[in-house]
>>> print(open('protein13.cif').read())   # mmCIF, C-alpha atoms
data_query
#
loop_
_atom_site.label_atom_id
_atom_site.label_comp_id
_atom_site.auth_asym_id
_atom_site.auth_seq_id
_atom_site.Cartn_x
_atom_site.Cartn_y
_atom_site.Cartn_z
CA MET S 1 5.91 137.88 -45.25
CA ILE S 2 7.94 141.02 -45.90
CA ASN S 3 7.42 140.66 -49.65
CA TYR S 4 3.74 140.15 -49.10
CA LEU S 5 3.39 143.27 -46.94
CA ALA S 6 5.60 145.42 -49.17
CA ASN S 7 2.55 146.10 -51.30
CA PRO S 8 0.90 149.27 -49.93
CA ASN S 9 -2.69 148.04 -50.33
CA ARG S 10 -2.05 144.68 -48.66
CA PHE S 11 -0.14 146.52 -45.94
CA LEU S 12 -3.04 148.89 -45.30
CA ASN S 13 -5.45 145.96 -45.11
CA PHE S 14 -3.13 144.15 -42.75
CA ILE S 15 -2.74 147.00 -40.25
CA LYS S 16 -6.36 148.17 -40.34
CA PRO S 17 -7.68 145.81 -37.62
CA ILE S 18 -4.63 146.15 -35.29
CA GLU S 19 -3.76 149.79 -35.74
CA PHE S 20 -6.15 151.14 -33.14
CA SER S 21 -5.11 148.63 -30.48
CA ILE S 22 -1.43 149.49 -31.03
CA GLY S 23 -2.27 153.11 -30.19
CA VAL S 24 -4.28 152.06 -27.13
CA PHE S 25 -1.40 149.86 -25.91
CA GLY S 26 1.04 152.72 -26.40
CA PHE S 27 -1.15 155.15 -24.51
CA LEU S 28 -1.76 152.71 -21.64
CA PHE S 29 1.91 151.76 -21.23
CA ILE S 30 3.01 155.41 -21.26
CA PHE S 31 0.26 156.35 -18.83
CA ILE S 32 1.15 153.55 -16.38
CA GLY S 33 4.87 154.10 -16.94
CA LEU S 34 4.58 157.83 -16.19
CA TYR S 35 2.54 157.16 -13.07
CA LEU S 36 5.08 154.61 -11.79
CA SER S 37 8.09 156.73 -12.61
CA LEU S 38 6.74 159.99 -11.20
CA PHE S 39 4.81 158.78 -8.14
CA ASN S 40 5.57 155.17 -7.43
CA SER S 41 9.30 154.60 -7.76
CA PRO S 42 12.03 155.20 -5.20
CA GLU S 43 14.36 158.19 -5.10
CA ASP S 44 17.92 157.51 -6.17
CA TYR S 45 20.53 157.24 -3.39
CA GLN S 46 22.67 159.81 -5.15
CA GLN S 47 20.41 161.95 -7.29
CA GLY S 48 17.19 162.02 -5.26
CA ASP S 49 14.10 163.01 -7.25
CA THR S 50 16.09 164.26 -10.22
CA VAL S 51 16.53 160.65 -11.33
CA ARG S 52 12.93 160.71 -12.57
CA ILE S 53 14.06 162.59 -15.68
CA MET S 54 15.76 159.33 -16.66
CA TYR S 55 12.41 157.65 -17.30
CA ILE S 56 11.71 159.91 -20.25
CA HIS S 57 15.27 160.79 -21.24
CA VAL S 58 16.29 157.17 -21.87
CA PRO S 59 13.26 156.26 -24.05
CA PHE S 60 13.72 159.45 -26.10
CA ALA S 61 17.39 158.64 -26.64
CA TRP S 62 16.82 154.97 -27.44
CA PHE S 63 14.07 155.62 -29.92
CA ALA S 64 15.89 158.54 -31.55
CA SER S 65 18.69 156.09 -32.33
CA PHE S 66 16.43 153.15 -33.08
CA LEU S 67 14.26 155.09 -35.53
CA TYR S 68 17.39 156.31 -37.28
CA LEU S 69 18.52 152.70 -37.61
CA SER S 70 15.14 151.81 -39.12
CA ILE S 71 15.40 154.73 -41.57
CA SER S 72 18.85 153.68 -42.74
CA ILE S 73 17.85 150.01 -43.11
CA ALA S 74 14.77 151.06 -45.10
CA SER S 75 17.05 153.30 -47.19
CA ILE S 76 19.31 150.34 -47.98
CA PHE S 77 16.25 148.39 -49.17
CA PHE S 78 15.20 151.37 -51.24
CA LEU S 79 18.61 151.89 -52.87
CA ILE S 80 19.32 148.25 -53.68
CA TRP S 81 15.90 146.79 -54.40
CA ARG S 82 14.38 150.13 -55.49
CA HIS S 83 11.27 149.42 -53.54
CA PRO S 84 9.17 152.62 -53.26
CA PHE S 85 7.45 151.44 -50.09
CA ALA S 86 10.80 151.33 -48.22
CA ASP S 87 11.20 155.00 -49.06
CA ILE S 88 7.72 155.75 -47.70
CA ILE S 89 8.59 153.99 -44.42
CA ALA S 90 11.86 155.91 -44.07
CA ARG S 91 10.16 159.25 -44.74
CA SER S 92 7.39 158.45 -42.29
CA ALA S 93 9.77 157.67 -39.41
CA ALA S 94 11.99 160.74 -39.84
CA PRO S 95 9.87 163.52 -38.22
CA LEU S 96 9.25 161.43 -35.09
CA GLY S 97 12.95 160.59 -34.83
CA LEU S 98 13.84 164.26 -35.16
CA ILE S 99 11.47 165.18 -32.34
CA PHE S 100 12.88 162.39 -30.16
CA SER S 101 16.46 163.51 -30.73
CA ILE S 102 15.60 167.11 -29.86
CA LEU S 103 13.78 165.99 -26.73
CA THR S 104 16.73 163.77 -25.77
CA ILE S 105 18.96 166.82 -25.77
CA LEU S 106 16.42 169.02 -23.96
CA THR S 107 15.66 166.51 -21.18
CA GLY S 108 19.37 165.75 -20.94
CA SER S 109 20.07 169.45 -20.40
CA LEU S 110 17.44 169.66 -17.69
CA TRP S 111 19.06 166.67 -16.02
CA GLY S 112 22.62 167.88 -16.51
CA LYS S 113 22.14 171.26 -14.86
CA PRO S 114 21.25 170.00 -11.36
CA MET S 115 23.49 166.90 -11.44
CA TRP S 116 26.63 167.86 -13.35
CA GLY S 117 26.33 171.59 -12.88
CA THR S 118 26.03 172.45 -16.57
CA TRP S 119 23.40 172.48 -19.33
CA TRP S 120 25.73 171.34 -22.06
CA VAL S 121 29.28 170.11 -22.55
CA TRP S 122 31.07 169.03 -25.71
CA ASP S 123 31.75 165.50 -24.60
CA ALA S 124 31.56 162.60 -27.03
CA ARG S 125 28.08 161.33 -26.04
CA LEU S 126 26.38 164.72 -26.14
CA THR S 127 28.10 165.77 -29.35
CA SER S 128 27.28 162.53 -31.19
CA MET S 129 23.65 162.92 -30.14
CA LEU S 130 23.65 166.46 -31.55
CA ILE S 131 25.08 165.08 -34.78
CA LEU S 132 22.22 162.56 -34.93
CA CYS S 133 19.78 165.45 -34.58
CA ILE S 134 21.52 167.29 -37.45
CA PHE S 135 21.34 164.14 -39.62
CA TYR S 136 17.59 164.03 -39.04
CA PHE S 137 17.28 167.68 -40.11
CA ALA S 138 19.38 166.99 -43.18
CA TYR S 139 17.41 163.86 -44.08
CA ILE S 140 14.06 165.64 -43.83
CA GLY S 141 15.41 168.65 -45.69
CA ILE S 142 16.87 166.70 -48.59
CA SER S 143 13.96 164.28 -48.96
CA ASN S 144 11.56 167.22 -49.36
CA ALA S 145 13.86 169.53 -51.32
CA PHE S 146 12.48 168.76 -54.80
CA PRO S 147 9.17 169.85 -56.34
CA ARG S 148 8.53 166.19 -57.12
CA LYS S 149 9.13 164.66 -53.71
CA ILE S 150 10.31 161.39 -55.20
CA ASP S 151 13.40 163.05 -56.70
CA GLY S 152 14.71 163.62 -53.19
CA SER S 153 14.42 159.98 -52.18
CA LYS S 154 17.74 158.76 -53.54
CA PRO S 155 20.04 161.48 -52.17
CA ALA S 156 18.19 161.32 -48.84
CA ALA S 157 18.65 157.55 -48.68
CA ILE S 158 22.38 157.91 -49.30
CA LEU S 159 22.57 160.51 -46.54
CA ALA S 160 20.68 158.22 -44.16
CA ILE S 161 23.17 155.41 -44.83
CA VAL S 162 26.14 157.74 -44.25
CA GLY S 163 24.67 158.74 -40.91
CA MET S 164 24.55 155.10 -39.86
CA VAL S 165 28.23 155.27 -38.78
CA ASN S 166 27.15 157.69 -36.08
CA LEU S 167 24.98 155.09 -34.32
CA PRO S 168 27.77 152.88 -32.88
CA ILE S 169 29.59 156.08 -31.97
CA ILE S 170 26.61 157.23 -29.88
CA LYS S 171 26.29 153.85 -28.18
CA PHE S 172 29.98 153.30 -27.40
CA SER S 173 31.14 156.91 -26.95
CA VAL S 174 30.94 156.49 -23.20
CA ASP S 175 33.22 153.44 -23.31
CA TRP S 176 35.72 154.59 -25.92
CA TRP S 177 36.49 158.03 -24.50
CA ASN S 178 36.39 159.83 -21.18
CA THR S 179 33.02 161.55 -21.08
CA LEU S 180 31.03 163.50 -18.55
CA HIS S 181 28.03 161.32 -19.42
CA GLN S 182 27.90 158.11 -17.38
CA PRO S 183 28.38 154.69 -19.05
CA ALA S 184 25.50 152.40 -20.03
CA SER S 185 23.21 151.13 -17.26
CA ILE S 186 20.95 148.70 -19.11
CA ILE S 187 22.66 147.09 -22.09
CA ARG S 188 26.00 145.98 -20.65
CA PHE S 189 27.91 142.74 -20.24
CA ASP S 190 27.29 142.20 -16.54
CA GLY S 191 23.55 142.91 -16.63
CA PRO S 192 21.71 146.13 -15.77
CA SER S 193 23.22 148.27 -13.01
CA ILE S 194 19.85 149.71 -12.19
CA ASN S 195 17.67 148.59 -9.32
CA GLN S 196 14.64 146.41 -10.15
CA GLU S 197 12.17 148.90 -8.69
CA MET S 198 13.54 151.58 -11.03
CA LEU S 199 14.01 149.28 -14.01
CA LEU S 200 10.32 148.31 -14.12
CA PRO S 201 8.89 151.80 -14.83
CA LEU S 202 11.65 152.36 -17.38
CA VAL S 203 10.86 149.11 -19.23
CA ILE S 204 7.14 149.99 -19.26
CA MET S 205 7.98 153.42 -20.66
CA LEU S 206 10.15 151.83 -23.34
CA LEU S 207 7.30 149.50 -24.35
CA GLY S 208 4.94 152.46 -24.43
CA PHE S 209 7.35 154.37 -26.68
CA LEU S 210 7.64 151.32 -28.95
CA PHE S 211 3.87 151.01 -29.48
CA MET S 212 3.34 154.76 -29.69
CA SER S 213 6.14 155.16 -32.26
CA ILE S 214 4.68 152.38 -34.41
CA PHE S 215 1.24 153.98 -34.12
CA ILE S 216 2.44 157.44 -35.15
CA ILE S 217 4.59 156.08 -37.97
CA LEU S 218 1.61 154.08 -39.31
CA ILE S 219 -0.40 157.31 -39.46
CA ASN S 220 2.47 158.99 -41.32
CA ILE S 221 2.75 156.06 -43.73
CA LYS S 222 -0.94 156.34 -44.54
CA THR S 223 -0.64 160.10 -45.07
CA ASN S 224 2.38 159.69 -47.32
CA LEU S 225 0.66 156.98 -49.38
CA ILE S 226 -2.37 159.20 -49.90
CA TYR S 227 -0.15 162.12 -50.85
CA LYS S 228 1.71 159.97 -53.35
CA LYS S 229 -1.53 158.81 -54.93
CA TYR S 230 -2.71 162.42 -55.12
CA GLN S 231 0.52 163.51 -56.82
CA SER S 232 0.32 160.75 -59.43
CA GLU S 233 -3.35 161.61 -60.09
CA ILE S 234 -2.34 165.21 -60.69
CA LEU S 235 0.38 164.09 -63.09
CA LYS S 236 -2.14 161.97 -64.97
CA LEU S 237 -4.44 164.97 -65.34
CA GLY S 238 -1.45 166.94 -66.64
CA MET Q 1 25.91 140.67 -63.14
CA LYS Q 2 22.47 141.81 -62.17
CA PRO Q 3 22.23 145.51 -61.36
CA LYS Q 4 20.79 144.55 -57.99
CA SER Q 5 23.87 142.65 -56.88
CA GLN Q 6 26.08 145.33 -58.40
CA ARG Q 7 24.42 147.94 -56.19
CA LEU Q 8 24.76 145.64 -53.22
CA ILE Q 9 28.51 145.30 -53.78
CA ILE Q 10 28.96 149.05 -54.27
CA LEU Q 11 27.06 149.74 -51.07
CA PHE Q 12 29.11 147.18 -49.18
CA PHE Q 13 32.42 148.76 -50.29
CA PHE Q 14 31.07 152.22 -49.62
CA LEU Q 15 30.10 151.28 -46.06
CA THR Q 16 33.42 149.56 -45.39
CA LEU Q 17 35.38 152.58 -46.57
CA LEU Q 18 33.13 154.95 -44.65
CA GLY Q 19 33.53 152.92 -41.47
CA LEU Q 20 37.28 152.67 -41.90
CA SER Q 21 37.75 156.39 -42.57
CA THR Q 22 35.55 157.31 -39.62
CA PHE Q 23 37.62 155.02 -37.44
CA LEU Q 24 40.88 156.61 -38.59
CA VAL Q 25 39.57 160.14 -38.06
CA LEU Q 26 38.29 159.34 -34.58
CA LYS Q 27 41.51 157.53 -33.71
CA SER Q 28 43.70 160.46 -34.68
CA LEU Q 29 41.43 162.95 -32.95
CA GLU Q 30 41.32 160.89 -29.75
CA ASP Q 31 43.14 163.56 -27.75
CA ASN Q 32 40.52 166.14 -28.75
CA ILE Q 33 37.52 163.91 -28.25
CA VAL Q 34 38.30 162.84 -24.69
CA TYR Q 35 36.45 165.21 -22.43
CA PHE Q 36 39.05 165.07 -19.67
CA TYR Q 37 42.40 163.55 -18.74
CA SER Q 38 42.96 161.38 -15.70
CA PRO Q 39 45.71 162.34 -13.24
CA THR Q 40 47.81 159.47 -14.66
CA ASP Q 41 47.42 160.82 -18.22
CA ILE Q 42 48.34 164.31 -17.06
CA ASN Q 43 51.47 163.30 -15.19
CA LYS Q 44 52.59 161.23 -18.18
CA LYS Q 45 51.97 164.16 -20.50
CA ILE Q 46 53.85 166.60 -18.26
CA LEU Q 47 56.84 164.26 -18.04
CA SER Q 48 56.97 163.79 -21.80
CA ASN Q 49 56.31 167.51 -22.45
CA GLU Q 50 53.29 166.64 -24.58
CA ILE Q 51 51.16 169.32 -23.06
CA ASP Q 52 50.91 173.08 -23.41
CA LEU Q 53 50.83 174.32 -19.83
CA SER Q 54 49.48 177.72 -20.82
CA LYS Q 55 46.34 176.12 -22.29
CA ARG Q 56 43.19 175.31 -20.38
CA ILE Q 57 42.52 171.61 -19.97
CA ARG Q 58 40.10 169.35 -18.13
CA ILE Q 59 41.04 166.69 -15.66
CA GLY Q 60 38.75 164.13 -14.08
CA GLY Q 61 38.93 161.62 -11.26
CA LEU Q 62 37.58 160.80 -7.84
CA VAL Q 63 37.83 163.23 -4.94
CA LYS Q 64 40.32 161.70 -2.51
CA GLU Q 65 39.12 160.90 1.00
CA ASN Q 66 40.23 163.31 3.77
CA SER Q 67 41.86 165.65 1.28
CA ILE Q 68 39.23 168.41 1.18
CA LEU Q 69 40.47 171.62 2.81
CA LYS Q 70 38.33 174.73 2.99
CA GLU Q 71 39.71 178.17 3.78
CA GLY Q 72 36.92 180.68 3.41
CA LYS Q 73 35.87 180.53 -0.21
CA LYS Q 74 39.01 178.77 -1.32
CA ILE Q 75 38.90 175.03 -1.46
CA SER Q 76 41.58 172.49 -2.20
CA PHE Q 77 41.36 168.75 -2.61
CA LYS Q 78 43.09 165.90 -4.35
CA ILE Q 79 41.61 163.87 -7.16
CA HIS Q 80 42.86 160.40 -7.97
CA ASP Q 81 42.24 157.59 -10.44
CA GLY Q 82 43.52 154.74 -8.30
CA ILE Q 83 47.08 155.15 -9.60
CA ASP Q 84 48.07 158.79 -9.57
CA GLU Q 85 46.70 161.92 -7.93
CA ILE Q 86 46.83 165.68 -8.36
CA LEU Q 87 46.01 168.59 -6.06
CA VAL Q 88 43.19 170.85 -7.24
CA ILE Q 89 42.72 174.42 -6.01
CA TYR Q 90 39.35 176.02 -6.67
CA ASN Q 91 37.55 179.20 -5.81
CA GLY Q 92 33.84 179.04 -6.57
CA ILE Q 93 30.58 177.16 -6.26
CA LEU Q 94 30.72 173.37 -6.02
CA PRO Q 95 28.04 171.12 -7.56
CA ASP Q 96 25.62 169.39 -5.16
CA LEU Q 97 27.08 165.97 -5.82
CA PHE Q 98 30.57 167.05 -4.76
CA ARG Q 99 31.89 164.89 -1.92
CA GLU Q 100 34.62 162.41 -1.09
CA GLU Q 101 35.10 159.60 -3.63
CA GLN Q 102 32.73 161.34 -6.06
CA GLY Q 103 33.79 161.57 -9.68
CA ILE Q 104 34.35 165.15 -10.84
CA VAL Q 105 35.69 166.99 -13.86
CA ALA Q 106 37.65 170.21 -13.37
CA LEU Q 107 38.49 172.84 -15.98
CA GLY Q 108 41.62 174.92 -15.45
CA LYS Q 109 45.39 175.13 -15.83
CA ILE Q 110 48.37 173.42 -14.29
CA GLU Q 111 50.37 175.78 -12.09
CA ASN Q 112 53.43 174.53 -10.16
CA MET Q 113 52.34 170.92 -10.51
CA ASN Q 114 48.96 171.78 -8.97
CA PHE Q 115 45.74 172.20 -10.87
CA SER Q 116 44.08 175.56 -10.53
CA ALA Q 117 40.42 175.10 -11.50
CA ILE Q 118 37.91 177.68 -12.70
CA GLU Q 119 34.96 175.30 -13.07
CA ILE Q 120 34.03 172.02 -11.43
CA LEU Q 121 31.42 169.60 -12.75
CA ALA Q 122 30.21 166.46 -10.99
CA LYS Q 123 30.00 163.11 -12.72
CA HIS Q 124 27.45 160.62 -11.53
CA ASP Q 125 27.86 156.93 -12.14
CA GLU Q 126 25.69 154.42 -13.98
CA ASN Q 127 24.31 152.79 -10.81
CA TYR Q 128 20.74 153.60 -9.89
CA MET Q 129 19.21 152.36 -6.64
CA PRO Q 130 16.98 153.54 -3.82
CA LYS Q 131 18.65 154.92 -0.71
CA GLU Q 132 17.55 151.95 1.43
CA VAL Q 133 19.35 149.56 -0.89
CA SER Q 134 22.58 151.52 -0.83
CA ASP Q 135 22.38 151.78 2.97
CA MET Q 136 21.85 148.04 3.23
CA LEU Q 137 24.77 147.29 0.92
CA LYS Q 138 27.00 149.52 3.01
CA LYS Q 139 25.86 147.85 6.23
CA ASN Q 140 26.49 144.38 4.86
CA GLY Q 141 29.89 145.40 3.59
CA LYS Q 142 28.95 144.60 0.00
CA TRP Q 143 29.28 148.20 -1.16
CA LYS Q 144 31.75 148.39 -4.03
CA GLY Q 145 31.54 152.07 -4.79
CA LYS Q 146 32.17 155.21 -2.85
CA LEU Q 147 31.42 155.63 0.81
CA ASN Q 148 29.94 158.85 2.02
#
>>> encode(input="protein13.cif", output="structure tokens")
Amino acid sequence: MINYLANPNRFLNFIKPIEFSIGVFGFLFIFIGLYLSLFNSPEDYQQGDTVRIMYIHVPFAWFASFLYLSISIASIFFLIWRHPFADIIARSAAPLGLIFSILTILTGSLWGKPMWGTWWVWDARLTSMLILCIFYFAYIGISNAFPRKIDGSKPAAILAIVGMVNLPIIKFSVDWWNTLHQPASIIRFDGPSINQEMLLPLVIMLLGFLFMSIFIILINIKTNLIYKKYQSEILKLG
Amino acid sequence: MKPKSQRLIILFFFLTLLGLSTFLVLKSLEDNIVYFYSPTDINKKILSNEIDLSKRIRIGGLVKENSILKEGKKISFKIHDGIDEILVIYNGILPDLFREEQGIVALGKIENMNFSAIEILAKHDENYMPKEVSDMLKKNGKWKGKLN
């Protein structure tokens, strides 16, 4: 299946009929999720209305990390099997991941000020998230640094793999060290420590982010494929 | 050997070394990465002279019940971690979440075995629930966390 779809033309044919519905799903889930989280979910016993920032902060943070994981896995495929399509996928996911990581930090700041009493602290969770954001900048910078884009693919892939060590650090920073950021609420051994009524809008938002991310990355993949074709046509013309 | 498997082996070694070196760096920097010390850590460090008392540090713990004293703008309270405790003296604005048994982080210096703070931040925990649920848990005596 993966081998079959690794061919750009077959891939484009495969996604053509489902692409639009993925976008519609993403939009619907985010729309319903936002409605539930802003208007139809309870206030937190401790944080009151401020807790509503969580419903966008958590999806941003999850998908910033998840997209980075996808980029580094695609980079491994590119480096070892030299498959050009893996490089296209990695490049196409990077801008979205960068935006998510920036928005994670911004929404986190807006949440931190009223709850903790500060916009920013250098604790392990916040710092490792900032490092993720810097890795995204570096990846995008390096992969586009050469006149022939393809020359940047290899160094960028190596960088993406180096940045992979940061991902477990982000996830477990709150368990390994004392941090101002609270520990995990959803993925933990004894089940989620978040009330059902508040978990539902969050899960819907996460699904919405999943579909929307796939949708946006598909558009980027198509753009990058067209650009690549264009570049090789130009080379042919000399 | 095929170049493919050669690359795979190189990558595997590279990742192992990278992971190991990151682990060693983080391990040795542990004291700088922790955002705050607990009262137990602090008392241990004072006893073993591991700490520079002239330097600013952060301590964190829960605000002890019935220990908050206010005199005008000056406020003093104890924070504890279930084992040890330390008296904090502070002169400034408290965060909204500040109350008994709430987790806080204070920045300041140790003076005469007390902690004189210049900034106090509130920690909130990883439990999210509506107010009715927390009230019900408290009423039924199933509340595990802080009472307020």
>>> closest_residue(input="protein13.cif", among="S:Lys236, S:Arg91, S:Arg10, S:Arg82", to="Ile140 of chain S", atoms="only C-alpha atoms")
S:Arg91
>>> closest_residue(input="protein13.cif", among="S:Phe11, S:Trp81, S:Phe25, S:Tyr139", to="chain Q", atoms="all atoms listed in the file")
S:Trp81
>>> interface_residues(input="protein13.cif", of="chain Q", to="chain S", cutoff="7 Å", atoms="only C-alpha atoms", output="ChimeraX atom specification")
/Q:4,7-8,19,33-36,95,97,121-131,134
>>> write_last_selection(input="protein13.cif", atoms="C-alpha atoms", output="PDB file, keeping the file's coordinate frame")
ATOM      1  CA  LYS Q   4      20.790 144.550 -57.990  1.00  0.00           C
ATOM      2  CA  ARG Q   7      24.420 147.940 -56.190  1.00  0.00           C
ATOM      3  CA  LEU Q   8      24.760 145.640 -53.220  1.00  0.00           C
ATOM      4  CA  GLY Q  19      33.530 152.920 -41.470  1.00  0.00           C
ATOM      5  CA  ILE Q  33      37.520 163.910 -28.250  1.00  0.00           C
ATOM      6  CA  VAL Q  34      38.300 162.840 -24.690  1.00  0.00           C
ATOM      7  CA  TYR Q  35      36.450 165.210 -22.430  1.00  0.00           C
ATOM      8  CA  PHE Q  36      39.050 165.070 -19.670  1.00  0.00           C
ATOM      9  CA  PRO Q  95      28.040 171.120  -7.560  1.00  0.00           C
ATOM     10  CA  LEU Q  97      27.080 165.970  -5.820  1.00  0.00           C
ATOM     11  CA  LEU Q 121      31.420 169.600 -12.750  1.00  0.00           C
ATOM     12  CA  ALA Q 122      30.210 166.460 -10.990  1.00  0.00           C
ATOM     13  CA  LYS Q 123      30.000 163.110 -12.720  1.00  0.00           C
ATOM     14  CA  HIS Q 124      27.450 160.620 -11.530  1.00  0.00           C
ATOM     15  CA  ASP Q 125      27.860 156.930 -12.140  1.00  0.00           C
ATOM     16  CA  GLU Q 126      25.690 154.420 -13.980  1.00  0.00           C
ATOM     17  CA  ASN Q 127      24.310 152.790 -10.810  1.00  0.00           C
ATOM     18  CA  TYR Q 128      20.740 153.600  -9.890  1.00  0.00           C
ATOM     19  CA  MET Q 129      19.210 152.360  -6.640  1.00  0.00           C
ATOM     20  CA  PRO Q 130      16.980 153.540  -3.820  1.00  0.00           C
ATOM     21  CA  LYS Q 131      18.650 154.920  -0.710  1.00  0.00           C
ATOM     22  CA  SER Q 134      22.580 151.520  -0.830  1.00  0.00           C
TER      23      SER Q 134
END
>>> resolve_selection(input="protein13.cif", expression="the PyMOL selection byres ((chain S and resi 56-67) around 6)", output="list of chain:residue names")
S:Ile53, S:Met54, S:Tyr55, S:Tyr68, S:Leu69, S:Ser70, S:Gly97, S:Phe100, S:Ser101, S:Thr104, S:Thr107, S:Leu206
>>> atom_distance(input="protein13.cif", atom1="atom CA of Leu225 of chain S", atom2="atom CA of Phe135 of chain S")
24.0 Å
>>> closest_residue(input="protein13.cif", among="S:Ile134, S:Glu19, S:Ala157, S:Tyr35", to="Ser72 of chain S", atoms="only C-alpha atoms")
S:Ala157
>>> atom_distance(input="protein13.cif", atom1="atom CA of Asn91 of chain Q", atom2="atom CA of Ala117 of chain Q")
7.6 Å
>>> decode(input="protein13.cif", residues="segment 51-72 of chain S", atoms="N, CA and C atoms", output="PDB file, in the first residue's frame")
ATOM      1  N   VAL S  51     -10.303  28.247  31.415  1.00  0.00           N
ATOM      2  CA  VAL S  51      -9.990  26.877  30.982  1.00  0.00           C
ATOM      3  C   VAL S  51     -10.278  26.683  29.497  1.00  0.00           C
ATOM      4  N   ARG S  52     -11.119  27.555  28.919  1.00  0.00           N
ATOM      5  CA  ARG S  52     -11.492  27.369  27.516  1.00  0.00           C
ATOM      6  C   ARG S  52     -10.306  27.521  26.562  1.00  0.00           C
ATOM      7  N   ILE S  53      -9.262  28.208  27.017  1.00  0.00           N
ATOM      8  CA  ILE S  53      -8.055  28.305  26.183  1.00  0.00           C
ATOM      9  C   ILE S  53      -7.485  26.914  25.919  1.00  0.00           C
ATOM     10  N   MET S  54      -7.701  26.001  26.905  1.00  0.00           N
ATOM     11  CA  MET S  54      -7.177  24.641  26.755  1.00  0.00           C
ATOM     12  C   MET S  54      -7.633  23.985  25.453  1.00  0.00           C
ATOM     13  N   TYR S  55      -8.882  24.252  25.052  1.00  0.00           N
ATOM     14  CA  TYR S  55      -9.438  23.546  23.894  1.00  0.00           C
ATOM     15  C   TYR S  55      -8.739  23.891  22.587  1.00  0.00           C
ATOM     16  N   ILE S  56      -8.036  25.013  22.535  1.00  0.00           N
ATOM     17  CA  ILE S  56      -7.209  25.234  21.346  1.00  0.00           C
ATOM     18  C   ILE S  56      -5.724  25.036  21.646  1.00  0.00           C
ATOM     19  N   HIS S  57      -5.333  25.307  22.878  1.00  0.00           N
ATOM     20  CA  HIS S  57      -3.914  25.182  23.227  1.00  0.00           C
ATOM     21  C   HIS S  57      -3.437  23.737  23.080  1.00  0.00           C
ATOM     22  N   VAL S  58      -4.230  22.792  23.597  1.00  0.00           N
ATOM     23  CA  VAL S  58      -3.832  21.379  23.555  1.00  0.00           C
ATOM     24  C   VAL S  58      -3.743  20.852  22.113  1.00  0.00           C
ATOM     25  N   PRO S  59      -4.762  21.090  21.248  1.00  0.00           N
ATOM     26  CA  PRO S  59      -4.589  20.635  19.860  1.00  0.00           C
ATOM     27  C   PRO S  59      -3.382  21.262  19.165  1.00  0.00           C
ATOM     28  N   PHE S  60      -3.141  22.559  19.363  1.00  0.00           N
ATOM     29  CA  PHE S  60      -1.962  23.183  18.761  1.00  0.00           C
ATOM     30  C   PHE S  60      -0.705  22.441  19.199  1.00  0.00           C
ATOM     31  N   ALA S  61      -0.599  22.198  20.515  1.00  0.00           N
ATOM     32  CA  ALA S  61       0.618  21.581  21.047  1.00  0.00           C
ATOM     33  C   ALA S  61       0.765  20.149  20.543  1.00  0.00           C
ATOM     34  N   TRP S  62      -0.318  19.399  20.562  1.00  0.00           N
ATOM     35  CA  TRP S  62      -0.248  18.009  20.097  1.00  0.00           C
ATOM     36  C   TRP S  62       0.166  17.937  18.647  1.00  0.00           C
ATOM     37  N   PHE S  63      -0.446  18.761  17.812  1.00  0.00           N
ATOM     38  CA  PHE S  63      -0.165  18.639  16.394  1.00  0.00           C
ATOM     39  C   PHE S  63       1.167  19.280  16.021  1.00  0.00           C
ATOM     40  N   ALA S  64       1.637  20.255  16.805  1.00  0.00           N
ATOM     41  CA  ALA S  64       2.998  20.747  16.573  1.00  0.00           C
ATOM     42  C   ALA S  64       3.976  19.599  16.767  1.00  0.00           C
ATOM     43  N   SER S  65       3.789  18.817  17.831  1.00  0.00           N
ATOM     44  CA  SER S  65       4.701  17.698  18.075  1.00  0.00           C
ATOM     45  C   SER S  65       4.474  16.574  17.074  1.00  0.00           C
ATOM     46  N   PHE S  66       3.205  16.277  16.803  1.00  0.00           N
ATOM     47  CA  PHE S  66       2.879  15.155  15.937  1.00  0.00           C
ATOM     48  C   PHE S  66       3.382  15.392  14.511  1.00  0.00           C
ATOM     49  N   LEU S  67       3.209  16.622  14.013  1.00  0.00           N
ATOM     50  CA  LEU S  67       3.698  16.921  12.667  1.00  0.00           C
ATOM     51  C   LEU S  67       5.215  16.838  12.617  1.00  0.00           C
ATOM     52  N   TYR S  68       5.867  17.242  13.715  1.00  0.00           N
ATOM     53  CA  TYR S  68       7.326  17.116  13.717  1.00  0.00           C
ATOM     54  C   TYR S  68       7.731  15.656  13.635  1.00  0.00           C
ATOM     55  N   LEU S  69       7.005  14.812  14.383  1.00  0.00           N
ATOM     56  CA  LEU S  69       7.280  13.371  14.323  1.00  0.00           C
ATOM     57  C   LEU S  69       7.116  12.865  12.889  1.00  0.00           C
ATOM     58  N   SER S  70       6.041  13.294  12.220  1.00  0.00           N
ATOM     59  CA  SER S  70       5.831  12.857  10.838  1.00  0.00           C
ATOM     60  C   SER S  70       6.977  13.315   9.948  1.00  0.00           C
ATOM     61  N   ILE S  71       7.427  14.568  10.143  1.00  0.00           N
ATOM     62  CA  ILE S  71       8.528  15.089   9.326  1.00  0.00           C
ATOM     63  C   ILE S  71       9.784  14.257   9.533  1.00  0.00           C
ATOM     64  N   SER S  72      10.081  13.909  10.810  1.00  0.00           N
ATOM     65  CA  SER S  72      11.323  13.173  11.022  1.00  0.00           C
ATOM     66  C   SER S  72      11.209  11.745  10.505  1.00  0.00           C
TER      67      SER S  72
END
